[in-house]
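Engineer: The structure under discussion is supplied below as structure tokens; questions concerning it will follow.
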Amino acid sequence: MTKKRILFVVNPISGGKKKTAFNKQVLEVLDLTRFEPTFKTTNHVNHAYELATQAIEEKYDAVIAVGGDGTINEIGSALAGTDTPLGIIPEGSGNGLALYLGIPMNESAALRRLNRFDSVAVDCAKVGEDRFFNIAGLGFDASVSDKFANETFRGPVGYLRTAINVLSKYKPKKYKLTIDGEEYEREAFMISVANSPQYGNNAYIAPNASITDGLLDVCIVHKFPLYTLPMMIFHLFNKTADQSEYVEIIPGKHIVIEQEGKDPVHLDGEPKELGQRIEIEVMERALNIIC
């Protein structure tokens, strides 16, 4: 039987975790009678995308993202629209997509899951030439992502510290939205466009979102009094954000968001400069994910 060739793309800095023993663990856990692993490490922005594109050309049977949602985004963007599946070993700060898919957070358990080699076709979203698979956002969370990208202290604690610093001086902003032809004007603390329900760390902004329903959930978090912040956080971690009076969720396939300035937008936690007008479309069942 011909072995399946699998490329592991390792992000060495994701999640603030050292991965020096990762290759050895793969060789111990992966079924080497069925799979032939190759390892490559990223060393610059968009390197994971380049390695995944090369893997398609070299006819690998799967590409495995060893990192967080940003690494998944780069590899998924290369694999979307092809037959080459994406695998995930969660090593990020939030691991939103992996948590939603039920992929174990433990390295060994996630590797054992790869041995099954079962996959599901999932939606993604197109933003110009870019893609996202979990959540995109404008406003507060995009500002946090922009600041966090330049921090040396990684991991969930580093992200929380950055979020608190941004929150202390952040002001809500005005947006114009067009969702499947319907127009809205909102002053919002932030806007999240969700393909899956959660940011990561089990913080659910769109509890009813699904990566297989052909829809995106536009979650508008309105301006709220600071004293309600503990309740807002409670809703996030209790899967009840849609029950908050300050949260409005509108599903759609084609979304246009216009902002007054040119503030950063995040795609799966990675900040991007996309200008004042952001157009987003669903790509149904565009990517196969091993889960």
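Going by the structure tokens order, chains are called A, B, ..., each with residues numbered from 1, while ligands are numbered from 1 in the order shown.
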Neighbouring residues of Phe133 (chain A) were defined as those with any atom within 8 Å, considering only C-alpha atoms; residues of the same chain fewer than 6 positions away were excluded. Please report them as an MDAnalysis selection string.
Structural biologist: chainID A and resid 73 76 97 123:125 195:196 268
Engineer: How would the residues just chosen look if you wrote them out with N, CA and C atoms as a short mmCIF file (atom, residue, chain, number, x, y, z; two decimals), in the first residue's frame?
Structural biologist:
```
data_model
loop_
_atom_site.label_atom_id
_atom_site.label_comp_id
_atom_site.auth_asym_id
_atom_site.auth_seq_id
_atom_site.Cartn_x
_atom_site.Cartn_y
_atom_site.Cartn_z
N ASN A 73 -5.08 29.93 8.68
CA ASN A 73 -5.56 30.83 7.63
C ASN A 73 -4.65 30.80 6.42
N GLY A 76 -4.92 27.24 4.83
CA GLY A 76 -6.26 27.07 4.27
C GLY A 76 -6.49 27.91 3.04
N LEU A 97 -10.96 27.73 15.69
CA LEU A 97 -11.50 26.78 14.72
C LEU A 97 -11.32 25.34 15.20
N ASP A 123 -17.17 25.69 4.82
CA ASP A 123 -17.22 26.99 4.14
C ASP A 123 -16.00 27.83 4.52
N CYS A 124 -15.70 28.80 3.67
CA CYS A 124 -14.78 29.86 4.08
C CYS A 124 -15.33 31.17 3.51
N ALA A 125 -14.68 32.26 3.82
CA ALA A 125 -15.13 33.56 3.34
C ALA A 125 -14.04 34.22 2.52
N ASN A 195 -17.75 32.80 10.73
CA ASN A 195 -18.02 31.56 9.99
C ASN A 195 -18.23 30.42 11.00
N SER A 196 -17.46 30.45 12.09
CA SER A 196 -17.66 29.50 13.19
C SER A 196 -18.05 30.30 14.44
N ASP A 268 -9.13 35.98 10.96
CA ASP A 268 -8.65 34.88 11.81
C ASP A 268 -7.56 35.35 12.76
#
```
Engineer: For Leu114 (chain A), work out the shell of residues within 12 Å, counting only C-alpha atoms and skipping chain neighbours fewer than 5 positions away, then give it as number ranges by chain.
Structural biologist: A: 4, 6, 8, 26, 29-32, 34-35, 37, 62-65, 85-89, 103-104, 107-109, 119, 289-291
Engineer: Could you check how far CA of Met1 (chain A) sits from CA of Glu36 (chain A), in Å to one decimal?
Structural biologist: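 The value is 12.0 Å.
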Engineer: Skipping near chain neighbours, those fewer than 5 positions away, what residues fall within 12 Å of region 159-176 of chain A using only C-alpha atoms, listed as a ChimeraX atom specification?
Structural biologist: /A:15-16,92-94,138-154,182-191,200-201,220-226,229,255-263,269,276-279
Engineer: Report the distance between CA of Gly70 (chain A) and CA of Ile179 (chain A) in Å, rounded to one decimal place.
Structural biologist: 25.9 Å
Engineer: Please give the complete set of residues from region 74-233 of chain A that DSSP, run on the backbone, assigns to strand (DSSP E), formatted as a PDB file with N, CA and C atoms, in the first residue's frame.
Structural biologist:
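After the write, part38.pdb holds the following:
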```
ATOM      1  N   LEU A  86      -6.702  19.921   4.806  1.00  0.00           N
ATOM      2  CA  LEU A  86      -5.943  20.578   5.866  1.00  0.00           C
ATOM      3  C   LEU A  86      -6.109  19.793   7.161  1.00  0.00           C
ATOM      4  N   GLY A  87      -5.003  19.570   7.853  1.00  0.00           N
ATOM      5  CA  GLY A  87      -5.058  19.008   9.201  1.00  0.00           C
ATOM      6  C   GLY A  87      -4.624  20.068  10.191  1.00  0.00           C
ATOM      7  N   ILE A  88      -5.020  19.912  11.440  1.00  0.00           N
ATOM      8  CA  ILE A  88      -4.724  20.932  12.453  1.00  0.00           C
ATOM      9  C   ILE A  88      -4.157  20.287  13.719  1.00  0.00           C
ATOM     10  N   ILE A  89      -2.995  20.787  14.138  1.00  0.00           N
ATOM     11  CA  ILE A  89      -2.465  20.506  15.478  1.00  0.00           C
ATOM     12  C   ILE A  89      -2.500  21.850  16.201  1.00  0.00           C
ATOM     13  N   PRO A  90      -3.444  22.056  17.124  1.00  0.00           N
ATOM     14  CA  PRO A  90      -3.667  23.382  17.706  1.00  0.00           C
ATOM     15  C   PRO A  90      -2.506  23.833  18.596  1.00  0.00           C
ATOM     16  N   SER A 119     -12.311  13.554   6.876  1.00  0.00           N
ATOM     17  CA  SER A 119     -12.369  14.992   6.631  1.00  0.00           C
ATOM     18  C   SER A 119     -13.801  15.454   6.394  1.00  0.00           C
ATOM     19  N   VAL A 120     -14.014  16.763   6.594  1.00  0.00           N
ATOM     20  CA  VAL A 120     -15.304  17.387   6.352  1.00  0.00           C
ATOM     21  C   VAL A 120     -15.072  18.618   5.481  1.00  0.00           C
ATOM     22  N   ALA A 121     -15.990  18.861   4.535  1.00  0.00           N
ATOM     23  CA  ALA A 121     -15.897  20.047   3.677  1.00  0.00           C
ATOM     24  C   ALA A 121     -16.558  21.220   4.388  1.00  0.00           C
ATOM     25  N   VAL A 122     -15.822  22.334   4.538  1.00  0.00           N
ATOM     26  CA  VAL A 122     -16.331  23.491   5.281  1.00  0.00           C
ATOM     27  C   VAL A 122     -16.321  24.738   4.405  1.00  0.00           C
ATOM     28  N   ASP A 123     -17.165  25.693   4.817  1.00  0.00           N
ATOM     29  CA  ASP A 123     -17.216  26.988   4.142  1.00  0.00           C
ATOM     30  C   ASP A 123     -16.002  27.827   4.524  1.00  0.00           C
ATOM     31  N   CYS A 124     -15.702  28.799   3.674  1.00  0.00           N
ATOM     32  CA  CYS A 124     -14.785  29.861   4.077  1.00  0.00           C
ATOM     33  C   CYS A 124     -15.332  31.167   3.515  1.00  0.00           C
ATOM     34  N   ALA A 125     -14.677  32.262   3.816  1.00  0.00           N
ATOM     35  CA  ALA A 125     -15.132  33.562   3.341  1.00  0.00           C
ATOM     36  C   ALA A 125     -14.036  34.216   2.520  1.00  0.00           C
ATOM     37  N   LYS A 126     -14.446  34.900   1.476  1.00  0.00           N
ATOM     38  CA  LYS A 126     -13.520  35.576   0.567  1.00  0.00           C
ATOM     39  C   LYS A 126     -13.593  37.081   0.803  1.00  0.00           C
ATOM     40  N   VAL A 127     -12.430  37.703   0.999  1.00  0.00           N
ATOM     41  CA  VAL A 127     -12.336  39.155   1.154  1.00  0.00           C
ATOM     42  C   VAL A 127     -11.282  39.633   0.162  1.00  0.00           C
ATOM     43  N   ASP A 130      -7.985  37.749  -0.125  1.00  0.00           N
ATOM     44  CA  ASP A 130      -7.784  37.085   1.164  1.00  0.00           C
ATOM     45  C   ASP A 130      -8.944  36.155   1.501  1.00  0.00           C
ATOM     46  N   ARG A 131      -8.698  35.281   2.481  1.00  0.00           N
ATOM     47  CA  ARG A 131      -9.719  34.343   2.955  1.00  0.00           C
ATOM     48  C   ARG A 131      -9.732  34.358   4.484  1.00  0.00           C
ATOM     49  N   PHE A 132     -10.861  33.959   5.062  1.00  0.00           N
ATOM     50  CA  PHE A 132     -10.860  33.615   6.481  1.00  0.00           C
ATOM     51  C   PHE A 132     -11.777  32.424   6.698  1.00  0.00           C
ATOM     52  N   ILE A 135     -13.182  33.699  12.024  1.00  0.00           N
ATOM     53  CA  ILE A 135     -13.854  34.975  12.273  1.00  0.00           C
ATOM     54  C   ILE A 135     -13.003  36.131  11.744  1.00  0.00           C
ATOM     55  N   ALA A 136     -13.676  37.098  11.136  1.00  0.00           N
ATOM     56  CA  ALA A 136     -13.054  38.372  10.774  1.00  0.00           C
ATOM     57  C   ALA A 136     -13.693  39.457  11.623  1.00  0.00           C
ATOM     58  N   GLY A 137     -12.994  40.563  11.816  1.00  0.00           N
ATOM     59  CA  GLY A 137     -13.576  41.595  12.664  1.00  0.00           C
ATOM     60  C   GLY A 137     -13.047  42.986  12.412  1.00  0.00           C
ATOM     61  N   LEU A 138     -13.888  43.961  12.758  1.00  0.00           N
ATOM     62  CA  LEU A 138     -13.526  45.365  12.737  1.00  0.00           C
ATOM     63  C   LEU A 138     -13.801  45.949  14.122  1.00  0.00           C
ATOM     64  N   GLY A 139     -13.097  47.021  14.442  1.00  0.00           N
ATOM     65  CA  GLY A 139     -13.354  47.666  15.724  1.00  0.00           C
ATOM     66  C   GLY A 139     -12.402  47.191  16.804  1.00  0.00           C
ATOM     67  N   LYS A 173     -17.237  53.157  16.996  1.00  0.00           N
ATOM     68  CA  LYS A 173     -17.145  53.846  15.707  1.00  0.00           C
ATOM     69  C   LYS A 173     -18.386  53.580  14.871  1.00  0.00           C
ATOM     70  N   LYS A 174     -18.580  54.412  13.840  1.00  0.00           N
ATOM     71  CA  LYS A 174     -19.761  54.313  12.981  1.00  0.00           C
ATOM     72  C   LYS A 174     -19.443  53.483  11.737  1.00  0.00           C
ATOM     73  N   TYR A 175     -20.424  52.651  11.346  1.00  0.00           N
ATOM     74  CA  TYR A 175     -20.263  51.773  10.190  1.00  0.00           C
ATOM     75  C   TYR A 175     -21.538  51.773   9.348  1.00  0.00           C
ATOM     76  N   LYS A 176     -21.358  51.567   8.045  1.00  0.00           N
ATOM     77  CA  LYS A 176     -22.487  51.290   7.157  1.00  0.00           C
ATOM     78  C   LYS A 176     -22.344  49.846   6.684  1.00  0.00           C
ATOM     79  N   LEU A 177     -23.425  49.089   6.769  1.00  0.00           N
ATOM     80  CA  LEU A 177     -23.386  47.687   6.369  1.00  0.00           C
ATOM     81  C   LEU A 177     -24.453  47.413   5.319  1.00  0.00           C
ATOM     82  N   THR A 178     -24.126  46.558   4.375  1.00  0.00           N
ATOM     83  CA  THR A 178     -25.101  46.025   3.432  1.00  0.00           C
ATOM     84  C   THR A 178     -24.993  44.505   3.502  1.00  0.00           C
ATOM     85  N   ILE A 179     -26.067  43.864   3.954  1.00  0.00           N
ATOM     86  CA  ILE A 179     -26.074  42.411   4.132  1.00  0.00           C
ATOM     87  C   ILE A 179     -27.154  41.821   3.248  1.00  0.00           C
ATOM     88  N   GLU A 182     -29.726  44.365   2.115  1.00  0.00           N
ATOM     89  CA  GLU A 182     -30.348  45.212   3.137  1.00  0.00           C
ATOM     90  C   GLU A 182     -29.284  46.139   3.751  1.00  0.00           C
ATOM     91  N   GLU A 183     -29.639  47.414   3.914  1.00  0.00           N
ATOM     92  CA  GLU A 183     -28.686  48.405   4.414  1.00  0.00           C
ATOM     93  C   GLU A 183     -28.924  48.728   5.889  1.00  0.00           C
ATOM     94  N   TYR A 184     -27.823  48.928   6.613  1.00  0.00           N
ATOM     95  CA  TYR A 184     -27.879  49.236   8.041  1.00  0.00           C
ATOM     96  C   TYR A 184     -26.818  50.292   8.354  1.00  0.00           C
ATOM     97  N   GLU A 185     -27.112  51.152   9.308  1.00  0.00           N
ATOM     98  CA  GLU A 185     -26.118  52.073   9.852  1.00  0.00           C
ATOM     99  C   GLU A 185     -26.037  51.833  11.354  1.00  0.00           C
ATOM    100  N   ARG A 186     -24.826  51.624  11.850  1.00  0.00           N
ATOM    101  CA  ARG A 186     -24.656  51.291  13.250  1.00  0.00           C
ATOM    102  C   ARG A 186     -23.428  51.990  13.840  1.00  0.00           C
ATOM    103  N   GLU A 187     -23.567  52.391  15.106  1.00  0.00           N
ATOM    104  CA  GLU A 187     -22.402  52.769  15.899  1.00  0.00           C
ATOM    105  C   GLU A 187     -22.064  51.545  16.737  1.00  0.00           C
ATOM    106  N   ALA A 188     -20.859  51.030  16.562  1.00  0.00           N
ATOM    107  CA  ALA A 188     -20.549  49.736  17.168  1.00  0.00           C
ATOM    108  C   ALA A 188     -19.208  49.755  17.885  1.00  0.00           C
ATOM    109  N   PHE A 189     -19.169  48.995  18.963  1.00  0.00           N
ATOM    110  CA  PHE A 189     -17.924  48.738  19.671  1.00  0.00           C
ATOM    111  C   PHE A 189     -17.024  47.854  18.807  1.00  0.00           C
ATOM    112  N   MET A 190     -17.665  46.872  18.171  1.00  0.00           N
ATOM    113  CA  MET A 190     -16.954  46.040  17.204  1.00  0.00           C
ATOM    114  C   MET A 190     -17.958  45.285  16.351  1.00  0.00           C
ATOM    115  N   ILE A 191     -17.494  44.827  15.204  1.00  0.00           N
ATOM    116  CA  ILE A 191     -18.301  43.990  14.318  1.00  0.00           C
ATOM    117  C   ILE A 191     -17.493  42.738  13.998  1.00  0.00           C
ATOM    118  N   SER A 192     -18.059  41.583  14.276  1.00  0.00           N
ATOM    119  CA  SER A 192     -17.416  40.311  13.947  1.00  0.00           C
ATOM    120  C   SER A 192     -18.230  39.603  12.869  1.00  0.00           C
ATOM    121  N   VAL A 193     -17.552  39.112  11.869  1.00  0.00           N
ATOM    122  CA  VAL A 193     -18.202  38.312  10.826  1.00  0.00           C
ATOM    123  C   VAL A 193     -17.753  36.877  11.051  1.00  0.00           C
ATOM    124  N   ALA A 194     -18.693  36.052  11.500  1.00  0.00           N
ATOM    125  CA  ALA A 194     -18.343  34.734  12.026  1.00  0.00           C
ATOM    126  C   ALA A 194     -18.734  33.608  11.072  1.00  0.00           C
ATOM    127  N   GLN A 198     -16.878  30.744  17.607  1.00  0.00           N
ATOM    128  CA  GLN A 198     -16.049  31.311  18.664  1.00  0.00           C
ATOM    129  C   GLN A 198     -14.726  31.875  18.179  1.00  0.00           C
ATOM    130  N   TYR A 199     -14.261  32.889  18.945  1.00  0.00           N
ATOM    131  CA  TYR A 199     -12.939  33.461  18.698  1.00  0.00           C
ATOM    132  C   TYR A 199     -11.848  32.452  19.024  1.00  0.00           C
ATOM    133  N   GLY A 200     -12.040  31.753  20.122  1.00  0.00           N
ATOM    134  CA  GLY A 200     -11.025  30.879  20.691  1.00  0.00           C
ATOM    135  C   GLY A 200     -11.155  30.912  22.200  1.00  0.00           C
ATOM    136  N   ALA A 203     -14.669  31.395  23.837  1.00  0.00           N
ATOM    137  CA  ALA A 203     -15.418  32.656  23.865  1.00  0.00           C
ATOM    138  C   ALA A 203     -16.293  32.721  22.618  1.00  0.00           C
ATOM    139  N   TYR A 204     -17.603  32.520  22.804  1.00  0.00           N
ATOM    140  CA  TYR A 204     -18.539  32.368  21.689  1.00  0.00           C
ATOM    141  C   TYR A 204     -19.215  33.700  21.371  1.00  0.00           C
ATOM    142  N   LEU A 216     -22.717  33.469   6.825  1.00  0.00           N
ATOM    143  CA  LEU A 216     -21.866  34.117   7.813  1.00  0.00           C
ATOM    144  C   LEU A 216     -22.769  34.867   8.781  1.00  0.00           C
ATOM    145  N   ASP A 217     -22.404  34.873  10.045  1.00  0.00           N
ATOM    146  CA  ASP A 217     -23.168  35.617  11.054  1.00  0.00           C
ATOM    147  C   ASP A 217     -22.465  36.944  11.327  1.00  0.00           C
ATOM    148  N   VAL A 218     -23.141  38.047  10.995  1.00  0.00           N
ATOM    149  CA  VAL A 218     -22.589  39.377  11.252  1.00  0.00           C
ATOM    150  C   VAL A 218     -23.002  39.786  12.670  1.00  0.00           C
ATOM    151  N   CYS A 219     -22.044  39.850  13.574  1.00  0.00           N
ATOM    152  CA  CYS A 219     -22.320  40.124  14.985  1.00  0.00           C
ATOM    153  C   CYS A 219     -21.916  41.566  15.292  1.00  0.00           C
ATOM    154  N   ILE A 220     -22.912  42.396  15.565  1.00  0.00           N
ATOM    155  CA  ILE A 220     -22.678  43.805  15.853  1.00  0.00           C
ATOM    156  C   ILE A 220     -22.782  44.002  17.366  1.00  0.00           C
ATOM    157  N   VAL A 221     -21.663  44.363  17.967  1.00  0.00           N
ATOM    158  CA  VAL A 221     -21.656  44.648  19.403  1.00  0.00           C
ATOM    159  C   VAL A 221     -21.801  46.161  19.553  1.00  0.00           C
ATOM    160  N   HIS A 222     -22.966  46.576  20.042  1.00  0.00           N
ATOM    161  CA  HIS A 222     -23.253  47.999  20.184  1.00  0.00           C
ATOM    162  C   HIS A 222     -22.485  48.602  21.358  1.00  0.00           C
TER     163      HIS A 222
END
```
Engineer: Given only C-alpha atoms as the basis, pick out the residue of A:Val10, A:Leu236, A:Val66, A:Leu27 nearest to Thr41 (chain A).
Structural biologist: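 Smallest distance to Thr41 (chain A) is found for A:Val10.
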